[in-house]
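Enquirer: Here it is: the structure, laid out below.
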Amino acid sequence: GAGVSQSPSNKVTEKGKDVELRCDPISGHTALYWYRQSLGQGLEFLIYFQGNSAPDKSGLPSDRFSAERTGGSVSTLTIQRTQQEDSAVYLCASSLEAGGAYEQYFGPGTRLTVT
Amino acid sequence: QKEVEQDPGPLSVPEGAIVSLNCTYSNSAFQYFMWYRQYSRKGPELLMYTYSSGNKEDGRFTAQVDKSSKYISLFIRDSQPSDSATYLCAMYNTDKLIFGTGTRLQVFP
């Protein structure tokens, strides 16, 4: 079946602009996760959703970052007033449920470059 | 100190070699231990996960967990050039995964 999809695959934006990154999880997966991977770094947790609720937003680096999920499916990660340090690959993952977070499946990522 | 430590490599081995990849961790509450493979410019792919201590085998891959030492390993037998990738260990903590920084593996023919 279809895996996790993300769009766009690449995004180049100017410093100060807002960007929206989209994630479409595996059908039937109720839990959805956002991570950030910077050059030479491991994956950094940002936020997770169980259904449309976000019980853990602890990884969002600043109030410029926000995320929402609607209909228990698609999620959007928004970065306002982008900064150069926001340049990274943003990865989305999903699992059948939050209790099964040890079995997460990742999308291909969105590579964000802030110039 | 990071919760999960992983040698970044790179690790370069000849085709057919046995590869050993390792991670250490500090949080004794971790119960699930995962290995992901990530090819260049791709998302991580779940290879296998292990619950608590012990071994798990899947084809050429064997995962080992030693909770007493807070040490996990992934062994790859008969390594192939197609195994060349970055290998990420991850630990499950309540509602999220904590990742190591990844070890880059290069298998040359």
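All residue names refer to the structure tokens as shown: chains lettered A, B, ... in order, residues numbered from 1 in each chain, ligands numbered from 1 in order.
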Please find the residues of chain A near chain B - the criterion being any atom within 10 Å, counting only C-alpha atoms - and write them as a compact mmCIF listing (two decimals) with N, CA and C atoms, in the first residue's frame.

Expert:
# COMPACT_ATOMS: atom_id res chain seq x y z
N VAL A 4 3.99 6.88 3.60
CA VAL A 4 3.84 8.27 4.01
C VAL A 4 4.34 9.16 2.87
N ALA A 31 -1.53 7.92 14.60
CA ALA A 31 -0.47 8.75 15.19
C ALA A 31 0.44 9.29 14.10
N TYR A 33 3.94 12.00 13.42
CA TYR A 33 5.09 12.62 14.08
C TYR A 33 5.85 13.51 13.09
N TRP A 34 6.37 14.60 13.60
CA TRP A 34 7.27 15.45 12.82
C TRP A 34 8.65 15.45 13.48
N TYR A 35 9.69 15.32 12.63
CA TYR A 35 11.08 15.38 13.06
C TYR A 35 11.84 16.35 12.15
N GLN A 37 15.86 16.96 10.68
CA GLN A 37 17.20 16.39 10.56
C GLN A 37 18.12 17.43 9.94
N GLY A 40 24.40 16.34 9.42
CA GLY A 40 25.28 15.69 10.38
C GLY A 40 24.65 15.42 11.73
N GLN A 41 23.37 15.67 11.84
CA GLN A 41 22.68 15.48 13.12
C GLN A 41 21.69 14.33 13.01
N GLY A 42 21.34 13.79 14.14
CA GLY A 42 20.28 12.78 14.17
C GLY A 42 18.94 13.45 14.02
N LEU A 43 17.91 12.65 14.08
CA LEU A 43 16.56 13.19 13.98
C LEU A 43 16.15 13.81 15.30
N GLU A 44 15.59 15.01 15.21
CA GLU A 44 15.16 15.77 16.38
C GLU A 44 13.64 15.80 16.38
N PHE A 45 13.02 15.28 17.44
CA PHE A 45 11.57 15.26 17.56
C PHE A 45 11.01 16.68 17.65
N LEU A 46 9.93 16.93 16.93
CA LEU A 46 9.28 18.23 16.99
C LEU A 46 7.93 18.15 17.70
N ILE A 47 7.03 17.29 17.18
CA ILE A 47 5.66 17.24 17.69
C ILE A 47 5.04 15.93 17.26
N TYR A 48 4.04 15.46 18.04
CA TYR A 48 3.30 14.31 17.57
C TYR A 48 1.80 14.53 17.77
N PHE A 49 1.02 13.88 16.93
CA PHE A 49 -0.44 13.94 16.98
C PHE A 49 -0.99 12.54 17.22
N GLN A 50 -1.99 12.48 18.08
CA GLN A 50 -2.83 11.30 18.19
C GLN A 50 -4.21 11.77 17.73
N PRO A 55 -0.62 15.93 21.88
CA PRO A 55 -0.30 15.83 23.31
C PRO A 55 1.12 16.26 23.66
N ASP A 56 2.00 16.23 22.67
CA ASP A 56 3.40 16.55 22.96
C ASP A 56 3.94 17.48 21.88
N VAL A 89 16.15 19.01 6.79
CA VAL A 89 15.16 18.12 6.20
C VAL A 89 14.09 17.87 7.26
N TYR A 90 12.85 18.10 6.89
CA TYR A 90 11.74 17.90 7.81
C TYR A 90 11.06 16.58 7.43
N LEU A 91 11.04 15.67 8.38
CA LEU A 91 10.54 14.32 8.16
C LEU A 91 9.26 14.09 8.93
N CYS A 92 8.36 13.41 8.31
CA CYS A 92 7.10 13.04 8.92
C CYS A 92 7.05 11.51 9.03
N ALA A 93 6.45 11.01 10.08
CA ALA A 93 6.28 9.58 10.26
C ALA A 93 4.89 9.30 10.80
N ALA A 98 -0.47 5.75 18.92
CA ALA A 98 0.62 6.33 19.71
C ALA A 98 1.32 5.26 20.54
N GLY A 99 0.55 4.28 21.00
CA GLY A 99 1.16 3.22 21.79
C GLY A 99 2.09 2.35 20.99
N GLY A 100 1.99 2.46 19.67
CA GLY A 100 2.88 1.68 18.80
C GLY A 100 3.94 2.55 18.17
N ALA A 101 4.36 3.59 18.89
CA ALA A 101 5.31 4.55 18.34
C ALA A 101 6.66 3.94 18.05
N TYR A 102 6.92 2.72 18.57
CA TYR A 102 8.18 2.07 18.27
C TYR A 102 8.20 1.54 16.84
N GLU A 103 7.08 1.58 16.16
CA GLU A 103 7.00 1.10 14.78
C GLU A 103 6.52 2.24 13.89
N GLN A 104 7.37 3.22 13.70
CA GLN A 104 7.05 4.39 12.89
C GLN A 104 7.58 4.22 11.49
N TYR A 105 6.81 4.71 10.54
CA TYR A 105 7.18 4.65 9.13
C TYR A 105 7.31 6.07 8.62
N PHE A 106 8.45 6.33 7.99
CA PHE A 106 8.79 7.68 7.59
C PHE A 106 8.48 7.98 6.13
N GLY A 107 8.20 9.25 5.87
CA GLY A 107 8.12 9.74 4.51
C GLY A 107 9.50 10.12 4.00
N PRO A 108 9.57 10.60 2.76
CA PRO A 108 10.86 10.93 2.15
C PRO A 108 11.45 12.25 2.62
N GLY A 109 10.63 13.07 3.30
CA GLY A 109 11.12 14.33 3.82
C GLY A 109 10.94 15.51 2.87
N THR A 110 10.97 16.69 3.46
CA THR A 110 11.00 17.95 2.71
C THR A 110 12.31 18.63 3.04
N ARG A 111 13.10 18.90 2.02
CA ARG A 111 14.38 19.58 2.23
C ARG A 111 14.13 21.07 2.13

Enquirer: Enumerate as a ChimeraX atom specification all residues of chain A assigned to strand (DSSP E or B) by DSSP on the backbone, naming them with the chain letters and numbers the document uses.

Expert: /A:5-7,10-13,19-24,31-37,43-50,53-56,65-69,75-79,88-95,105-106,110-114

Enquirer: Between CA of Leu60 in chain A and CA of Asn10 in chain A, what is the distance, to one decimal in Å?

Expert: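 Spanning CA of Leu60 in chain A to CA of Asn10 in chain A is a straight-line distance of 20.9 Å.
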
Enquirer: Could you tell me how far CA of Arg37 in chain B sits from CA of Ser82 in chain B, in Å to one decimal place?

Expert: 11.3 Å

Enquirer: Skipping near chain neighbours, those fewer than 5 positions away, what residues fall within 7 Å of Ser12 in chain B using only C-alpha atoms, listed as a VMD selection string?

Expert: chain B and resid 105 to 107

Enquirer: Convert the current residue selection to file output with N, CA, C and O atoms, as a PDB file, in the first residue's frame.

Expert:
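Dumped everything to result17.pdb:
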ATOM      1  N   LEU B 105      27.839   3.864   6.747  1.00  0.00           N
ATOM      2  CA  LEU B 105      28.492   2.618   6.343  1.00  0.00           C
ATOM      3  C   LEU B 105      28.721   2.621   4.842  1.00  0.00           C
ATOM      4  O   LEU B 105      27.818   2.938   4.065  1.00  0.00           O
ATOM      5  N   GLN B 106      29.945   2.261   4.449  1.00  0.00           N
ATOM      6  CA  GLN B 106      30.281   2.116   3.038  1.00  0.00           C
ATOM      7  C   GLN B 106      30.805   0.707   2.828  1.00  0.00           C
ATOM      8  O   GLN B 106      31.773   0.303   3.470  1.00  0.00           O
ATOM      9  N   VAL B 107      30.147  -0.067   1.966  1.00  0.00           N
ATOM     10  CA  VAL B 107      30.591  -1.411   1.622  1.00  0.00           C
ATOM     11  C   VAL B 107      31.121  -1.360   0.204  1.00  0.00           C
ATOM     12  O   VAL B 107      30.379  -1.060  -0.734  1.00  0.00           O
TER      13      VAL B 107
END

Enquirer: Which neighbours of His29 in chain A fall inside 8 Å, counting only C-alpha atoms, when residues of the same chain fewer than 6 positions from it are skipped, and could you give them as a list of chain:residue names?

Expert: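 With the cut-off at 8 Å, the set is A:Ser94, A:Ser95, A:Leu96, A:Glu97.
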
Enquirer: Export, as a PDB file, in the first residue's frame, the selected residues with N, CA and C atoms.

Expert:
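Final file, again_34.pdb:
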ATOM      1  N   SER A  94       4.434   8.080  10.608  1.00  0.00           N
ATOM      2  CA  SER A  94       3.158   7.698  11.202  1.00  0.00           C
ATOM      3  C   SER A  94       3.257   6.297  11.794  1.00  0.00           C
ATOM      4  N   SER A  95       2.395   6.029  12.758  1.00  0.00           N
ATOM      5  CA  SER A  95       2.289   4.692  13.333  1.00  0.00           C
ATOM      6  C   SER A  95       0.810   4.377  13.546  1.00  0.00           C
ATOM      7  N   LEU A  96       0.534   3.105  13.710  1.00  0.00           N
ATOM      8  CA  LEU A  96      -0.860   2.674  13.813  1.00  0.00           C
ATOM      9  C   LEU A  96      -1.581   3.427  14.941  1.00  0.00           C
ATOM     10  N   GLU A  97      -0.870   3.584  16.053  1.00  0.00           N
ATOM     11  CA  GLU A  97      -1.395   4.341  17.184  1.00  0.00           C
ATOM     12  C   GLU A  97      -0.208   4.832  18.000  1.00  0.00           C
TER      13      GLU A  97
END

Enquirer: Restricting the calculation to only C-alpha atoms, which member of A:Ser38, A:Thr70, A:Thr76, A:Ser5 is positioned closest to Glu20 in chain A?

Expert: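 That would be A:Thr76, the residue with the smallest distance to Glu20 in chain A.
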